[in-house]
Amino acid sequence: MSDQEAAPAAPEAAPSEAQPAPPAEPVPAPEAEAAPPAPEPAAPAPAPPAPKPKKPTGPSPGQPVNLTVDDVNDNSVTLTWDAPEQVGPKGLDGYLVEYCKDGTVDWVAANEKPFLSTRYVIRNLTSGDKLHIRVKAVKGDGISEPTVLDQPLLIREILEHPKIRLPRYLRQVYMRTVGQVVNLLIPFRGKPKPQVTWTKGGQPLDPKRVNVRNSEKDSILFIRQAQRSDSGKYEITVKILDELEDKATIEFLVIERPGPPENLKLVDVWGFNVALEWSPPKDNGNADLKGYTVQKADMKTKQWFTALEHYNRTSCTVSDLIMGNSYIFQVFSENPCGLSEKAAVTKDVAHIKKTAIVYKPEKYNTRDFSEPPTFTQPLTDRTTTRGYSTQLVCSVRGFPKPKVIWMKNQMEIREDPKYVALINQGVCSLEIRKPSPFDGGVYTCKAVNPLGEASVDCRLNVKVPE
């Protein structure tokens with residue numbers, strides 16, 4: 001009997017232990033399942049799920065636009081898109097990229113955290129799968145509607161014919177100077193990754209002279225210090241699957257300054273002119289000559305002056321030389337790299353002789369310009385008012401220049417501040433300052449030179465205002 005009593009005691013103890021559980025708020029659901037017949041505890045069960053969903057702190061952003069596939073191969077996809085039209089002043093937190101296999105609804109997140117770039121590469125894909133891809137914009141707690149590719153994308157390598165995009169400056173002869181660095185970047189296209197090979201004149205390149213670096217999109221040919229032996233035709237070949245290929249040829253020329261002309265001679269000297277002749281240089285610097293530069297120097301000053309530039313012939317005439325001087329000449333050869341370091345100099349000296357010239361002056365009859373004084377404009381009578389200055393004017397000619405004397409009533413006017421006498425280019429003037437009735441009378445202008453004399457006179461009346 002004691003065992004049976006103990007047995008029911010155990011179930012009584014169980015509810016006593018279960019009764020402290022309801023006060024614990026975190027686990028209300030187990031309590032409802034433990035006592036399903038009781039109607040009162042079942043009512044609070046739907047209340048806890050309400051606070052779990054988080055409300056967005058702001059409006060949801062707009063969805064990305066122009067989702068396109070930039071590149072695809074057998075294990076990755078490159079996507080690009082544009083930002084939503086409605087972003088807001090604070091901008092976006094980033095984007096989420098998801099994909100799922102065709103025929104399923106299991107979307108897989110390609111990135112764990114949002115990122116701000118509008119370009120993304122999904123890697124480690126399985127070749128042959130068809131994938132649906134979508135992109136969402138994230139802003140705070142808000143997520144935009146997804147932008148989905150129109151059709152499922154097949155993950156496989158796209159075959160693209162190889163094409164070399166040779167830069168424009170390499171489509172003609174590419175010239176460099178000896179010692180310069182050569183660094184040629186040749187871009188190309190093609191999928192899968194093409195095989196790139198370089199040859200020079202049909203032979204492989206010398207790795208000691210030329211370095212080549214190839215990538216998926218370009219090839220670089222590098223020469224640290226160019227030498228004339230590096231000149232030639234370089235051919236680049238881009239090949240895919242041993243069937244598709246494209247070729248391009250680059251004509252490369254390494255040049256340096258030419259040597260000096262040969263056999264410079266002084267052929268003839270006549271008058272103010274000198275004739276020169278020479279031969280082309282033995283070494284043209286690995287480039288066509290652009291011409292010659294001819295210079296002259298006077299033996300007195302030894303300073304060189306250019307007489308001809310970019311001259312294409314091997315003979316010339318230098319003119320306009322100075323009589324009595326002696327000259328030497330030198331000639332430089334020129335190519336696209338510049339003038340030759342040395343010049344060919346004439347061994348002989350050109351002497352420009354003076355010609356005997358006797359000056360015979362022309363005979364001509366001298367003319368005697370001497371003449372006695374003559375008045376071309378006489379004095380005229382004047383009437384003035386007391387206190388108002390007046391002026392008497394006449395003109396005279398004669399050679400030698402005559403001396404002019406002014407007189408009043410036959411008395412010579414000497415240094416008197418009341419009178420100012422001037423003569424300019426034969427025009428004689430006498431200014432009478434603030435005349436009074438006493439200054440009235442007959443004024444005479446007399447001109448005298450070694451050949452004679454002449455005089456003119458006039459009367460001056462001074463009125464007194466009433």
# chains A, B, ... in the order shown; residues from 1 in each chain; ligands from 1

$ select_by_dssp --residues "segment 149-261 of chain A" --states "strand (DSSP E or B)" --output "number ranges by chain"
A: 153-154, 160-164, 174-177, 182-191, 195-200, 203-204, 211-214, 218-223, 232-240, 244-255

$ closest_atom_pairs --of "segment 154-175 of chain A" --to "segment 238-256 of chain A" --cutoff "7 Å" --atoms "only C-alpha atoms" --output "tab-separated table"
residue	atom	partner	partner_atom	distance
A:His161	CA	A:Leu244	CA	6.4
A:Pro162	CA	A:Glu245	CA	5.9
A:Lys163	CA	A:Asp246	CA	5.9
A:Ile164	CA	A:Asp246	CA	6.5
A:Leu170	CA	A:Ile250	CA	6.3
A:Arg171	CA	A:Ile250	CA	6.9
A:Val173	CA	A:Glu251	CA	5.2
A:Tyr174	CA	A:Phe252	CA	4.9
A:Met175	CA	A:Leu253	CA	4.7

$ write_last_selection --atoms "N, CA, C and O atoms" --output "compact mmCIF listing (two decimals), in the first residue's frame"
# COMPACT_ATOMS: atom_id res chain seq x y z
N HIS A 161 35.65 35.42 -80.66
CA HIS A 161 36.79 35.38 -81.57
C HIS A 161 37.87 36.36 -81.11
O HIS A 161 37.56 37.47 -80.67
N PRO A 162 39.12 35.98 -81.22
CA PRO A 162 40.21 36.88 -80.79
C PRO A 162 40.32 38.08 -81.73
O PRO A 162 40.15 37.95 -82.95
N LYS A 163 40.60 39.22 -81.17
CA LYS A 163 40.75 40.46 -81.94
C LYS A 163 41.81 41.33 -81.27
O LYS A 163 41.67 41.69 -80.10
N ILE A 164 42.87 41.68 -82.02
CA ILE A 164 43.93 42.55 -81.50
C ILE A 164 43.58 43.99 -81.83
O ILE A 164 43.30 44.34 -82.98
N LEU A 170 51.12 52.60 -83.45
CA LEU A 170 51.90 51.42 -83.83
C LEU A 170 51.54 50.91 -85.22
O LEU A 170 52.11 49.93 -85.68
N ARG A 171 50.60 51.58 -85.88
CA ARG A 171 50.23 51.15 -87.23
C ARG A 171 51.19 51.68 -88.29
O ARG A 171 51.07 51.35 -89.46
N VAL A 173 55.59 53.04 -88.74
CA VAL A 173 56.91 52.68 -88.20
C VAL A 173 57.09 53.34 -86.84
O VAL A 173 56.95 54.56 -86.68
N TYR A 174 57.39 52.52 -85.83
CA TYR A 174 57.58 53.00 -84.46
C TYR A 174 59.08 53.17 -84.23
O TYR A 174 59.84 52.21 -84.27
N MET A 175 59.51 54.43 -84.00
CA MET A 175 60.93 54.75 -83.85
C MET A 175 61.25 55.14 -82.42
O MET A 175 60.50 55.87 -81.77

$ residues_around --residues "Tyr292 of chain A" --least-positions-apart "6" --cutoff "10 Å" --atoms "only C-alpha atoms" --output "list in words"
Pro260, Pro261, Pro280, Leu308, Glu309, His310, Tyr311, Asn312, Arg313, Thr314, Val331, Phe332, Ser333, Glu334, Asn335, Leu339 and Ser340 of chain A

$ write_last_selection --atoms "all heavy atoms" --output "compact mmCIF listing (two decimals), in the first residue's frame"
# COMPACT_ATOMS: atom_id res chain seq x y z
N PRO A 260 79.27 62.10 -89.74
CA PRO A 260 79.48 63.33 -90.53
C PRO A 260 79.59 63.02 -92.02
O PRO A 260 79.92 61.90 -92.41
CB PRO A 260 80.79 63.87 -89.96
CG PRO A 260 81.51 62.65 -89.47
CD PRO A 260 80.46 61.71 -88.98
N PRO A 261 79.32 64.01 -92.87
CA PRO A 261 79.51 63.80 -94.32
C PRO A 261 80.98 63.49 -94.64
O PRO A 261 81.89 63.77 -93.85
CB PRO A 261 79.07 65.14 -94.93
CG PRO A 261 78.20 65.78 -93.90
CD PRO A 261 78.75 65.33 -92.57
N PRO A 280 77.66 61.66 -98.99
CA PRO A 280 76.82 61.27 -97.84
C PRO A 280 77.64 60.54 -96.78
O PRO A 280 78.70 59.97 -97.07
CB PRO A 280 75.77 60.34 -98.47
CG PRO A 280 75.75 60.70 -99.91
CD PRO A 280 77.14 61.11 -100.26
N LEU A 308 72.90 77.39 -94.50
CA LEU A 308 71.82 76.60 -95.09
C LEU A 308 71.35 75.56 -94.09
O LEU A 308 72.17 74.97 -93.36
CB LEU A 308 72.30 75.90 -96.38
CG LEU A 308 72.74 76.80 -97.55
CD1 LEU A 308 73.37 75.96 -98.64
CD2 LEU A 308 71.55 77.59 -98.10
N GLU A 309 70.02 75.31 -94.03
CA GLU A 309 69.44 74.29 -93.16
C GLU A 309 68.56 73.36 -93.97
O GLU A 309 67.92 73.77 -94.95
CB GLU A 309 68.60 74.94 -92.05
CG GLU A 309 69.41 75.54 -90.93
CD GLU A 309 68.52 76.05 -89.80
OE1 GLU A 309 67.62 76.87 -90.09
OE2 GLU A 309 68.72 75.62 -88.66
N HIS A 310 68.49 72.09 -93.55
CA HIS A 310 67.65 71.07 -94.20
C HIS A 310 67.90 71.05 -95.71
O HIS A 310 66.97 70.97 -96.51
CB HIS A 310 66.17 71.34 -93.91
CG HIS A 310 65.88 71.58 -92.46
ND1 HIS A 310 66.17 70.66 -91.47
CD2 HIS A 310 65.33 72.65 -91.83
CE1 HIS A 310 65.80 71.14 -90.31
NE2 HIS A 310 65.30 72.34 -90.49
N TYR A 311 69.18 71.12 -96.08
CA TYR A 311 69.57 71.15 -97.49
C TYR A 311 69.73 69.71 -97.95
O TYR A 311 70.43 68.91 -97.33
CB TYR A 311 70.88 71.93 -97.64
CG TYR A 311 71.26 72.23 -99.06
CD1 TYR A 311 70.62 73.22 -99.79
CD2 TYR A 311 72.28 71.51 -99.68
CE1 TYR A 311 70.98 73.49 -101.10
CE2 TYR A 311 72.65 71.78 -100.98
CZ TYR A 311 71.99 72.77 -101.69
OH TYR A 311 72.34 73.05 -102.99
N ASN A 312 69.07 69.36 -99.07
CA ASN A 312 68.99 67.95 -99.47
C ASN A 312 70.06 67.52 -100.47
O ASN A 312 70.23 66.33 -100.67
CB ASN A 312 67.60 67.67 -100.07
CG ASN A 312 66.50 67.79 -99.04
OD1 ASN A 312 66.67 67.38 -97.90
ND2 ASN A 312 65.37 68.37 -99.42
N ARG A 313 70.75 68.44 -101.10
CA ARG A 313 71.76 68.06 -102.09
C ARG A 313 73.13 67.92 -101.44
O ARG A 313 73.34 68.32 -100.29
CB ARG A 313 71.82 69.09 -103.20
CG ARG A 313 70.49 69.25 -103.96
CD ARG A 313 70.63 70.26 -105.08
NE ARG A 313 69.38 70.43 -105.82
CZ ARG A 313 69.22 71.28 -106.82
NH1 ARG A 313 70.24 72.03 -107.23
NH2 ARG A 313 68.05 71.36 -107.44
N THR A 314 74.10 67.38 -102.22
CA THR A 314 75.47 67.21 -101.71
C THR A 314 76.41 68.24 -102.33
O THR A 314 77.62 68.03 -102.36
CB THR A 314 75.97 65.80 -102.02
OG1 THR A 314 75.86 65.56 -103.43
CG2 THR A 314 75.15 64.77 -101.26
N VAL A 331 79.94 71.08 -92.49
CA VAL A 331 78.65 70.54 -92.89
C VAL A 331 78.27 69.42 -91.92
O VAL A 331 79.08 68.52 -91.64
CB VAL A 331 78.71 70.00 -94.34
CG1 VAL A 331 77.34 69.43 -94.73
CG2 VAL A 331 79.12 71.10 -95.31
N PHE A 332 77.03 69.48 -91.39
CA PHE A 332 76.46 68.44 -90.54
C PHE A 332 75.44 67.64 -91.36
O PHE A 332 74.73 68.21 -92.20
CB PHE A 332 75.73 69.03 -89.33
CG PHE A 332 76.63 69.69 -88.33
CD1 PHE A 332 76.94 71.05 -88.45
CD2 PHE A 332 77.15 68.99 -87.27
CE1 PHE A 332 77.75 71.68 -87.52
CE2 PHE A 332 77.98 69.60 -86.34
CZ PHE A 332 78.28 70.95 -86.46
N SER A 333 75.34 66.35 -91.09
CA SER A 333 74.25 65.54 -91.64
C SER A 333 73.14 65.43 -90.59
O SER A 333 73.40 65.53 -89.38
CB SER A 333 74.74 64.16 -92.04
OG SER A 333 75.42 63.54 -90.96
N GLU A 334 71.89 65.20 -91.04
CA GLU A 334 70.73 65.23 -90.13
C GLU A 334 69.78 64.10 -90.48
O GLU A 334 69.52 63.82 -91.65
CB GLU A 334 70.01 66.58 -90.25
CG GLU A 334 68.82 66.73 -89.32
CD GLU A 334 68.12 68.06 -89.48
OE1 GLU A 334 68.51 68.81 -90.40
OE2 GLU A 334 67.20 68.33 -88.72
N ASN A 335 69.26 63.44 -89.42
CA ASN A 335 68.20 62.43 -89.58
C ASN A 335 67.15 62.69 -88.51
O ASN A 335 67.26 63.68 -87.76
CB ASN A 335 68.79 61.01 -89.49
CG ASN A 335 69.26 60.66 -88.10
OD1 ASN A 335 69.24 61.48 -87.18
ND2 ASN A 335 69.72 59.43 -87.91
N LEU A 339 71.10 66.28 -85.54
CA LEU A 339 72.33 66.51 -86.30
C LEU A 339 73.43 65.53 -85.85
O LEU A 339 73.41 65.03 -84.72
CB LEU A 339 72.82 67.94 -86.10
CG LEU A 339 71.91 69.07 -86.59
CD1 LEU A 339 72.51 70.42 -86.25
CD2 LEU A 339 71.67 68.96 -88.09
N SER A 340 74.35 65.31 -86.75
CA SER A 340 75.50 64.46 -86.41
C SER A 340 76.32 65.13 -85.32
O SER A 340 76.37 66.36 -85.20
CB SER A 340 76.37 64.22 -87.65
OG SER A 340 76.79 65.46 -88.21

$ residues_around --residues "Asp93 of chain A" --least-positions-apart "3" --cutoff "10 Å" --atoms "only C-alpha atoms" --output "list of chain:residue names"
A:Lys90, A:Lys113, A:Pro114, A:Phe115, A:Leu116, A:Ala137, A:Val138, A:Lys139, A:Gly140, A:Asp141, A:Gly142

$ residues_around --residues "Lys347 of chain A" --least-positions-apart "2" --cutoff "10 Å" --atoms "only C-alpha atoms" --output "PDB file with C-alpha atoms, in the first residue's frame"
ATOM      1  CA  LEU A 264      84.009  67.934 -98.044  1.00  0.00           C
ATOM      2  CA  LYS A 265      85.792  70.083-100.671  1.00  0.00           C
ATOM      3  CA  LEU A 266      86.058  73.771-101.503  1.00  0.00           C
ATOM      4  CA  ILE A 328      86.106  78.140 -93.497  1.00  0.00           C
ATOM      5  CA  PHE A 329      83.046  75.909 -93.763  1.00  0.00           C
ATOM      6  CA  GLN A 330      81.580  72.853 -92.023  1.00  0.00           C
ATOM      7  CA  ALA A 344      83.006  67.726 -91.842  1.00  0.00           C
ATOM      8  CA  VAL A 345      85.278  70.833 -92.032  1.00  0.00           C
ATOM      9  CA  VAL A 349      90.368  78.571 -96.590  1.00  0.00           C
ATOM     10  CA  ALA A 350      88.294  80.726 -98.942  1.00  0.00           C
TER      11      ALA A 350
END

$ residues_around --residues "segment 118-122 of chain A" --least-positions-apart "6" --cutoff "8 Å" --atoms "only C-alpha atoms" --output "number ranges by chain"
A: 76-83, 110

$ write_last_selection --atoms "all heavy atoms" --output "short mmCIF file (atom, residue, chain, number, x, y, z; two decimals), in the first residue's frame"
data_model
loop_
_atom_site.label_atom_id
_atom_site.label_comp_id
_atom_site.auth_asym_id
_atom_site.auth_seq_id
_atom_site.Cartn_x
_atom_site.Cartn_y
_atom_site.Cartn_z
N SER A 76 31.81 31.72 -63.08
CA SER A 76 31.51 33.01 -62.47
C SER A 76 30.66 33.86 -63.41
O SER A 76 30.62 33.61 -64.63
CB SER A 76 32.79 33.77 -62.11
OG SER A 76 33.49 34.12 -63.28
N VAL A 77 29.98 34.86 -62.81
CA VAL A 77 29.14 35.80 -63.54
C VAL A 77 29.45 37.20 -63.02
O VAL A 77 29.54 37.41 -61.80
CB VAL A 77 27.64 35.50 -63.36
CG1 VAL A 77 26.79 36.57 -64.06
CG2 VAL A 77 27.30 34.14 -63.91
N THR A 78 29.62 38.15 -63.93
CA THR A 78 29.85 39.54 -63.55
C THR A 78 28.59 40.34 -63.89
O THR A 78 28.14 40.34 -65.04
CB THR A 78 31.05 40.13 -64.30
OG1 THR A 78 32.20 39.33 -64.01
CG2 THR A 78 31.31 41.56 -63.88
N LEU A 79 28.04 41.02 -62.88
CA LEU A 79 26.80 41.78 -63.02
C LEU A 79 27.08 43.26 -62.85
O LEU A 79 27.96 43.66 -62.08
CB LEU A 79 25.77 41.34 -61.96
CG LEU A 79 25.41 39.86 -61.92
CD1 LEU A 79 24.54 39.58 -60.71
CD2 LEU A 79 24.70 39.44 -63.19
N THR A 80 26.30 44.08 -63.54
CA THR A 80 26.32 45.54 -63.36
C THR A 80 24.90 46.04 -63.35
O THR A 80 24.00 45.45 -63.98
CB THR A 80 27.11 46.24 -64.48
OG1 THR A 80 26.51 45.95 -65.74
CG2 THR A 80 28.56 45.81 -64.50
N TRP A 81 24.69 47.14 -62.65
CA TRP A 81 23.37 47.77 -62.57
C TRP A 81 23.54 49.23 -62.19
O TRP A 81 24.65 49.69 -61.87
CB TRP A 81 22.45 47.05 -61.57
CG TRP A 81 22.97 47.06 -60.16
CD1 TRP A 81 22.77 47.99 -59.20
CD2 TRP A 81 23.86 46.09 -59.58
NE1 TRP A 81 23.44 47.67 -58.06
CE2 TRP A 81 24.11 46.50 -58.26
CE3 TRP A 81 24.43 44.91 -60.04
CZ2 TRP A 81 24.93 45.78 -57.40
CZ3 TRP A 81 25.22 44.19 -59.17
CH2 TRP A 81 25.48 44.62 -57.87
N ASP A 82 22.43 49.97 -62.21
CA ASP A 82 22.43 51.39 -61.83
C ASP A 82 21.68 51.56 -60.52
O ASP A 82 20.80 50.76 -60.16
CB ASP A 82 21.77 52.25 -62.92
CG ASP A 82 22.58 52.24 -64.20
OD1 ASP A 82 23.80 52.01 -64.11
OD2 ASP A 82 22.00 52.46 -65.28
N ALA A 83 22.02 52.63 -59.79
CA ALA A 83 21.40 52.90 -58.51
C ALA A 83 19.92 53.22 -58.70
O ALA A 83 19.48 53.65 -59.78
CB ALA A 83 22.10 54.07 -57.82
N ALA A 110 24.46 35.75 -52.42
CA ALA A 110 25.83 35.74 -52.93
C ALA A 110 26.77 36.53 -52.04
O ALA A 110 27.97 36.24 -51.99
CB ALA A 110 25.87 36.31 -54.35
#

$ residues_around --residues "Thr199 of chain A" --least-positions-apart "3" --cutoff "7 Å" --atoms "only C-alpha atoms" --output "JSON, numbers by chain"
{"A": [202, 203, 204, 205, 234, 235, 236]}

$ closest_atom_pairs --of "segment 43-142 of chain A" --to "segment 156-159 of chain A" --cutoff "12 Å" --atoms "only C-alpha atoms" --output "CSV"
residue,atom,partner,partner_atom,distance
A:Asp70,CA,A:Ile158,CA,11.9
A:Asp71,CA,A:Ile158,CA,8.8
A:Val72,CA,A:Glu157,CA,6.5
A:Asn73,CA,A:Glu157,CA,3.9
A:Asp74,CA,A:Arg156,CA,4.1
A:Asn75,CA,A:Arg156,CA,7.3
A:Ser76,CA,A:Arg156,CA,8.7
A:Val77,CA,A:Arg156,CA,9.5
A:Leu125,CA,A:Arg156,CA,9.7
A:Thr126,CA,A:Arg156,CA,8.7
A:Ser127,CA,A:Arg156,CA,5.4
A:Gly128,CA,A:Arg156,CA,5.9
A:Asp129,CA,A:Arg156,CA,8.1
A:Lys130,CA,A:Arg156,CA,9.4
A:Leu131,CA,A:Arg156,CA,11.3

$ atom_distance --atom1 "atom CA of Pro450 of chain A" --atom2 "atom CA of Gly398 of chain A"
10.1 Å

$ closest_residue --among "A:Ser326, A:Ser319, A:Thr444, A:Ser144" --to "Met299 of chain A" --atoms "only C-alpha atoms"
A:Ser326

$ atom_distance --atom1 "atom CA of Gly259 of chain A" --atom2 "atom CA of Gln172 of chain A"
25.8 Å

$ atom_distance --atom1 "atom CA of Asp457 of chain A" --atom2 "atom CA of Arg414 of chain A"
17.2 Å

$ closest_residue --among "A:Leu276, A:Leu379, A:Ile186, A:Leu92" --to "Trp406 of chain A" --atoms "only C-alpha atoms"
A:Leu379

$ decode --residues "segment 137-153 of chain A" --atoms "N, CA and C atoms" --output "tab-separated table (two decimals), in the first residue's frame"
chain	number	residue	atom	x	y	z
A	137	ALA	N	18.14	46.61	-53.11
A	137	ALA	CA	18.78	47.75	-52.46
A	137	ALA	C	18.42	47.75	-50.99
A	138	VAL	N	19.38	48.08	-50.12
A	138	VAL	CA	19.20	48.07	-48.67
A	138	VAL	C	19.45	49.47	-48.13
A	139	LYS	N	18.48	49.91	-47.26
A	139	LYS	CA	18.62	51.21	-46.60
A	139	LYS	C	18.06	51.09	-45.20
A	140	GLY	N	18.93	51.04	-44.20
A	140	GLY	CA	18.47	50.83	-42.84
A	140	GLY	C	17.86	49.45	-42.70
A	141	ASP	N	16.61	49.42	-42.18
A	141	ASP	CA	15.87	48.16	-42.07
A	141	ASP	C	15.01	47.89	-43.28
A	142	GLY	N	15.00	48.81	-44.24
A	142	GLY	CA	14.17	48.66	-45.43
A	142	GLY	C	14.92	47.99	-46.56
A	143	ILE	N	14.22	47.11	-47.27
A	143	ILE	CA	14.78	46.41	-48.43
A	143	ILE	C	13.84	46.63	-49.60
A	144	SER	N	14.42	46.99	-50.76
A	144	SER	CA	13.60	47.30	-51.92
A	144	SER	C	13.06	46.04	-52.58
A	145	GLU	N	12.13	46.26	-53.49
A	145	GLU	CA	11.69	45.16	-54.34
A	145	GLU	C	12.88	44.70	-55.20
A	146	PRO	N	13.00	43.40	-55.48
A	146	PRO	CA	14.16	42.92	-56.24
A	146	PRO	C	14.05	43.26	-57.73
A	147	THR	N	15.20	43.44	-58.35
A	147	THR	CA	15.30	43.56	-59.80
A	147	THR	C	15.87	42.24	-60.32
A	148	VAL	N	15.13	41.56	-61.19
A	148	VAL	CA	15.46	40.20	-61.61
A	148	VAL	C	15.84	40.22	-63.09
A	149	LEU	N	16.81	39.38	-63.45
A	149	LEU	CA	17.13	39.20	-64.87
A	149	LEU	C	15.92	38.65	-65.61
A	150	ASP	N	15.73	39.08	-66.85
A	150	ASP	CA	14.54	38.68	-67.61
A	150	ASP	C	14.50	37.17	-67.85
A	151	GLN	N	15.64	36.55	-68.07
A	151	GLN	CA	15.68	35.12	-68.38
A	151	GLN	C	16.75	34.44	-67.55
A	152	PRO	N	16.61	33.16	-67.30
A	152	PRO	CA	17.67	32.46	-66.57
A	152	PRO	C	18.97	32.45	-67.38
A	153	LEU	N	20.08	32.52	-66.66
A	153	LEU	CA	21.40	32.62	-67.29
A	153	LEU	C	22.09	31.27	-67.24
